[in-house]
Amino acid sequence: MLIARELRKTNIAEYILYMWQVEDLLRACSFDPETIEQQLVFRFKADENTNKEIAAWYNNLAVMMEKEHVQEKGHIQVIVNLVNDLNEFHLKMLEVQKDQEYIRLYRLNRDAISDFIKRSEITVENEAEACLNALYGLMILKLKNSEISPVTQKTCEGFASMIGHLSARYIQFENDDFEF
């Protein structure tokens with residue numbers, strides 16, 4: 001909750017990736033409130049009131065996941081909507097072409113994004129989601145200490161640069177610091 005709140009204000013892509021991780025952590029806890037408290041809440045080493053607030057946040061997310069039938073896979077609708085909003089912003093950035101650095105980053109990554117979508121074993125709805133999925137996959141590989149090929153590393157670095165730039169512009173747009 002504390003991390004999510006800050007990321008939502010500062011970096012939309014990192015917020016989405018964090019929320020995907022939280023969903024996976026809740027799955028790993030089998031949505032059990034006691035396990036959630038022991039494994040997720042207490043790691044913050046917060047005061048009692050903050051711990052209660054954090055526990056309530058995790059448990060509310062767990063309830064949302066159950067109600068939306070994403071206990072085994074998938075994402076809660078609010079995060080799906082945010083990914084779609086980010087992609088709409090991406091498309092608007094390409095259409096308007098006000099930010100030449102973003103256009104450059106997209107052109108550098110366009111073929112790799114298309115290739116990732118074609119080879120993806122999961123259904124990917126749009127280019128922003130494809131990049132986020134690749135970055136999340138890389139994070140999981142690193143957590144498992146799996147070997148990562150130089151091509152995968154380089155591709156994900158390109159995606160990270162593009163999505164990072166897009167994310168920064170998105171936050172600027174939300175804060176009225178960027179206009180089309």
# chains A, B, ... in the order shown; residues from 1 in each chain; ligands from 1
$ residues_around --residues "A:His90" --least-positions-apart "6" --cutoff "12 Å" --atoms "only C-alpha atoms" --output "JSON, numbers by chain"
{"A": [83, 84, 96, 97, 98, 99, 102, 103, 105, 106, 126, 127, 128, 129, 131, 162, 163, 164, 165, 166, 167, 168, 169, 170, 173, 180]}
$ select_by_dssp --residues "stretch 17-142 of chain A" --states "helix (DSSP H, G or I)" --output "MDAnalysis selection string"
chainID A and resid 17:28 33:44 48:67 77:96 100:119 127:142
$ residues_around --residues "A:Glu174" --least-positions-apart "2" --cutoff "12 Å" --atoms "only C-alpha atoms" --output "list in words"
Arg8, Lys9, Thr10, Asn11, Ile12, Asp85, Leu86, Phe89, Ser167, Ala168, Arg169, Tyr170, Ile171, Gln172, Asp176, Asp177, Phe178 and Glu179 of chain A
$ write_last_selection --atoms "C-alpha atoms" --output "short mmCIF file (atom, residue, chain, number, x, y, z; two decimals), in the first residue's frame"
data_model
loop_
_atom_site.label_atom_id
_atom_site.label_comp_id
_atom_site.auth_asym_id
_atom_site.auth_seq_id
_atom_site.Cartn_x
_atom_site.Cartn_y
_atom_site.Cartn_z
CA ARG A 8 1.04 5.62 -8.53
CA LYS A 9 2.00 9.27 -8.15
CA THR A 10 5.49 9.01 -9.63
CA ASN A 11 5.79 6.17 -12.15
CA ILE A 12 2.74 4.52 -13.70
CA ASP A 85 -5.06 3.91 -20.57
CA LEU A 86 -1.28 3.82 -20.82
CA PHE A 89 -1.57 7.51 -24.20
CA SER A 167 5.42 6.63 -17.99
CA ALA A 168 7.11 9.93 -17.15
CA ARG A 169 5.06 11.73 -19.79
CA TYR A 170 1.86 10.04 -18.56
CA ILE A 171 2.45 11.33 -15.01
CA GLN A 172 3.30 14.79 -16.40
CA ASP A 176 -1.07 19.07 -16.25
CA ASP A 177 2.67 19.44 -16.96
CA PHE A 178 2.44 18.02 -20.50
CA GLU A 179 -0.03 18.74 -23.28
#
$ closest_residue --among "A:Trp20, A:Thr50, A:Val124, A:Leu7" --to "A:Asn87" --atoms "only C-alpha atoms"
A:Val124
$ residues_around --residues "A:Ile148" --least-positions-apart "6" --cutoff "8 Å" --atoms "only C-alpha atoms" --output "PyMOL selection string"
chain A and resi 138+141-142
$ write_last_selection --atoms "N, CA and C atoms" --output "short mmCIF file (atom, residue, chain, number, x, y, z; two decimals), in the first residue's frame"
data_model
loop_
_atom_site.label_atom_id
_atom_site.label_comp_id
_atom_site.auth_asym_id
_atom_site.auth_seq_id
_atom_site.Cartn_x
_atom_site.Cartn_y
_atom_site.Cartn_z
N LEU A 138 11.10 -10.52 -17.19
CA LEU A 138 12.52 -10.36 -16.87
C LEU A 138 12.71 -10.30 -15.35
N LEU A 141 12.41 -13.77 -13.98
CA LEU A 141 13.63 -14.54 -14.28
C LEU A 141 14.76 -14.17 -13.33
N LYS A 142 14.90 -12.88 -13.05
CA LYS A 142 15.96 -12.43 -12.14
C LYS A 142 15.71 -12.94 -10.72
#
$ residues_around --residues "stretch 15-19 of chain A" --least-positions-apart "5" --cutoff "10 Å" --atoms "only C-alpha atoms" --output "list of chain:residue names"
A:Met1, A:Ile3, A:Ala4, A:Arg5, A:Glu6, A:Leu7, A:Arg8, A:Lys9, A:Thr10, A:Asp24, A:Leu25, A:Leu61, A:His75, A:Ile76, A:Ile79, A:Val80, A:Leu82, A:Val83, A:Glu129, A:Leu132, A:Asn133, A:Leu135, A:Tyr136, A:Met139, A:Ser167
$ closest_residue --among "A:Ser30, A:Ile113, A:Pro150, A:Glu157" --to "A:Gln71" --atoms "only C-alpha atoms"
A:Ser30
$ closest_residue --among "A:Leu2, A:Met65, A:Ile140, A:Ala134" --to "A:Glu23" --atoms "only C-alpha atoms"
A:Met65
$ decode --residues "stretch 23-91 of chain A" --atoms "C-alpha atoms" --output "PDB file, in the first residue's frame"
ATOM      1  CA  GLU A  23      -1.307 -10.070  -7.189  1.00  0.00           C
ATOM      2  CA  ASP A  24       1.239 -12.888  -7.492  1.00  0.00           C
ATOM      3  CA  LEU A  25       2.207 -12.520  -3.829  1.00  0.00           C
ATOM      4  CA  LEU A  26      -1.448 -12.776  -2.790  1.00  0.00           C
ATOM      5  CA  ARG A  27      -1.752 -15.910  -4.913  1.00  0.00           C
ATOM      6  CA  ALA A  28       1.340 -17.321  -3.213  1.00  0.00           C
ATOM      7  CA  CYS A  29      -0.337 -16.609   0.155  1.00  0.00           C
ATOM      8  CA  SER A  30      -3.455 -18.469  -1.062  1.00  0.00           C
ATOM      9  CA  PHE A  31      -5.446 -15.338  -0.146  1.00  0.00           C
ATOM     10  CA  ASP A  32      -5.215 -16.366   3.511  1.00  0.00           C
ATOM     11  CA  PRO A  33      -5.377 -13.294   5.820  1.00  0.00           C
ATOM     12  CA  GLU A  34      -2.995 -14.798   8.403  1.00  0.00           C
ATOM     13  CA  THR A  35      -0.413 -15.701   5.775  1.00  0.00           C
ATOM     14  CA  ILE A  36      -0.797 -12.266   4.180  1.00  0.00           C
ATOM     15  CA  GLU A  37      -0.156 -10.639   7.538  1.00  0.00           C
ATOM     16  CA  GLN A  38       2.873 -12.801   8.330  1.00  0.00           C
ATOM     17  CA  GLN A  39       4.458 -12.751   4.865  1.00  0.00           C
ATOM     18  CA  LEU A  40       3.506  -9.332   3.532  1.00  0.00           C
ATOM     19  CA  VAL A  41       2.349  -6.926   6.250  1.00  0.00           C
ATOM     20  CA  PHE A  42       4.981  -7.493   8.917  1.00  0.00           C
ATOM     21  CA  ARG A  43       7.873  -6.960   6.498  1.00  0.00           C
ATOM     22  CA  PHE A  44       7.073  -3.218   6.578  1.00  0.00           C
ATOM     23  CA  LYS A  45       7.919  -3.049  10.298  1.00  0.00           C
ATOM     24  CA  ALA A  46       5.337  -0.306  10.748  1.00  0.00           C
ATOM     25  CA  ASP A  47       3.377   0.787  13.797  1.00  0.00           C
ATOM     26  CA  GLU A  48       0.172  -1.047  14.745  1.00  0.00           C
ATOM     27  CA  ASN A  49      -2.223   1.366  12.999  1.00  0.00           C
ATOM     28  CA  THR A  50      -0.208   1.354   9.787  1.00  0.00           C
ATOM     29  CA  ASN A  51      -0.005  -2.452   9.915  1.00  0.00           C
ATOM     30  CA  LYS A  52      -3.806  -2.611  10.165  1.00  0.00           C
ATOM     31  CA  GLU A  53      -4.136  -0.260   7.205  1.00  0.00           C
ATOM     32  CA  ILE A  54      -1.666  -2.293   5.142  1.00  0.00           C
ATOM     33  CA  ALA A  55      -3.391  -5.572   6.063  1.00  0.00           C
ATOM     34  CA  ALA A  56      -6.772  -4.121   5.086  1.00  0.00           C
ATOM     35  CA  TRP A  57      -5.331  -2.998   1.729  1.00  0.00           C
ATOM     36  CA  TYR A  58      -3.913  -6.442   0.945  1.00  0.00           C
ATOM     37  CA  ASN A  59      -7.096  -8.182   2.078  1.00  0.00           C
ATOM     38  CA  ASN A  60      -9.276  -5.837  -0.007  1.00  0.00           C
ATOM     39  CA  LEU A  61      -7.139  -6.644  -3.049  1.00  0.00           C
ATOM     40  CA  ALA A  62      -7.513 -10.350  -2.290  1.00  0.00           C
ATOM     41  CA  VAL A  63     -11.307  -9.941  -2.158  1.00  0.00           C
ATOM     42  CA  MET A  64     -11.258  -8.013  -5.448  1.00  0.00           C
ATOM     43  CA  MET A  65      -9.214 -10.753  -7.076  1.00  0.00           C
ATOM     44  CA  GLU A  66     -11.663 -13.398  -5.877  1.00  0.00           C
ATOM     45  CA  LYS A  67     -14.707 -11.404  -7.014  1.00  0.00           C
ATOM     46  CA  GLU A  68     -13.129 -10.793 -10.419  1.00  0.00           C
ATOM     47  CA  HIS A  69     -12.089 -14.465 -10.735  1.00  0.00           C
ATOM     48  CA  VAL A  70      -8.384 -13.778 -11.148  1.00  0.00           C
ATOM     49  CA  GLN A  71      -7.192 -15.996  -8.294  1.00  0.00           C
ATOM     50  CA  GLU A  72      -5.062 -18.148 -10.594  1.00  0.00           C
ATOM     51  CA  LYS A  73      -4.100 -15.758 -13.393  1.00  0.00           C
ATOM     52  CA  GLY A  74      -4.969 -12.392 -14.829  1.00  0.00           C
ATOM     53  CA  HIS A  75      -5.224  -8.966 -13.272  1.00  0.00           C
ATOM     54  CA  ILE A  76      -7.864  -6.958 -11.463  1.00  0.00           C
ATOM     55  CA  GLN A  77      -9.904  -4.736 -13.738  1.00  0.00           C
ATOM     56  CA  VAL A  78      -8.610  -1.452 -12.344  1.00  0.00           C
ATOM     57  CA  ILE A  79      -5.058  -2.438 -13.369  1.00  0.00           C
ATOM     58  CA  VAL A  80      -6.221  -3.752 -16.755  1.00  0.00           C
ATOM     59  CA  ASN A  81      -7.892  -0.382 -17.325  1.00  0.00           C
ATOM     60  CA  LEU A  82      -4.706   1.437 -16.348  1.00  0.00           C
ATOM     61  CA  VAL A  83      -2.646  -0.626 -18.813  1.00  0.00           C
ATOM     62  CA  ASN A  84      -5.198   0.209 -21.513  1.00  0.00           C
ATOM     63  CA  ASP A  85      -5.060   3.907 -20.568  1.00  0.00           C
ATOM     64  CA  LEU A  86      -1.278   3.820 -20.820  1.00  0.00           C
ATOM     65  CA  ASN A  87      -1.558   2.247 -24.261  1.00  0.00           C
ATOM     66  CA  GLU A  88      -4.066   4.898 -25.363  1.00  0.00           C
ATOM     67  CA  PHE A  89      -1.571   7.509 -24.197  1.00  0.00           C
ATOM     68  CA  HIS A  90       1.157   5.677 -26.159  1.00  0.00           C
ATOM     69  CA  LEU A  91      -0.998   5.776 -29.319  1.00  0.00           C
TER      70      LEU A  91
END
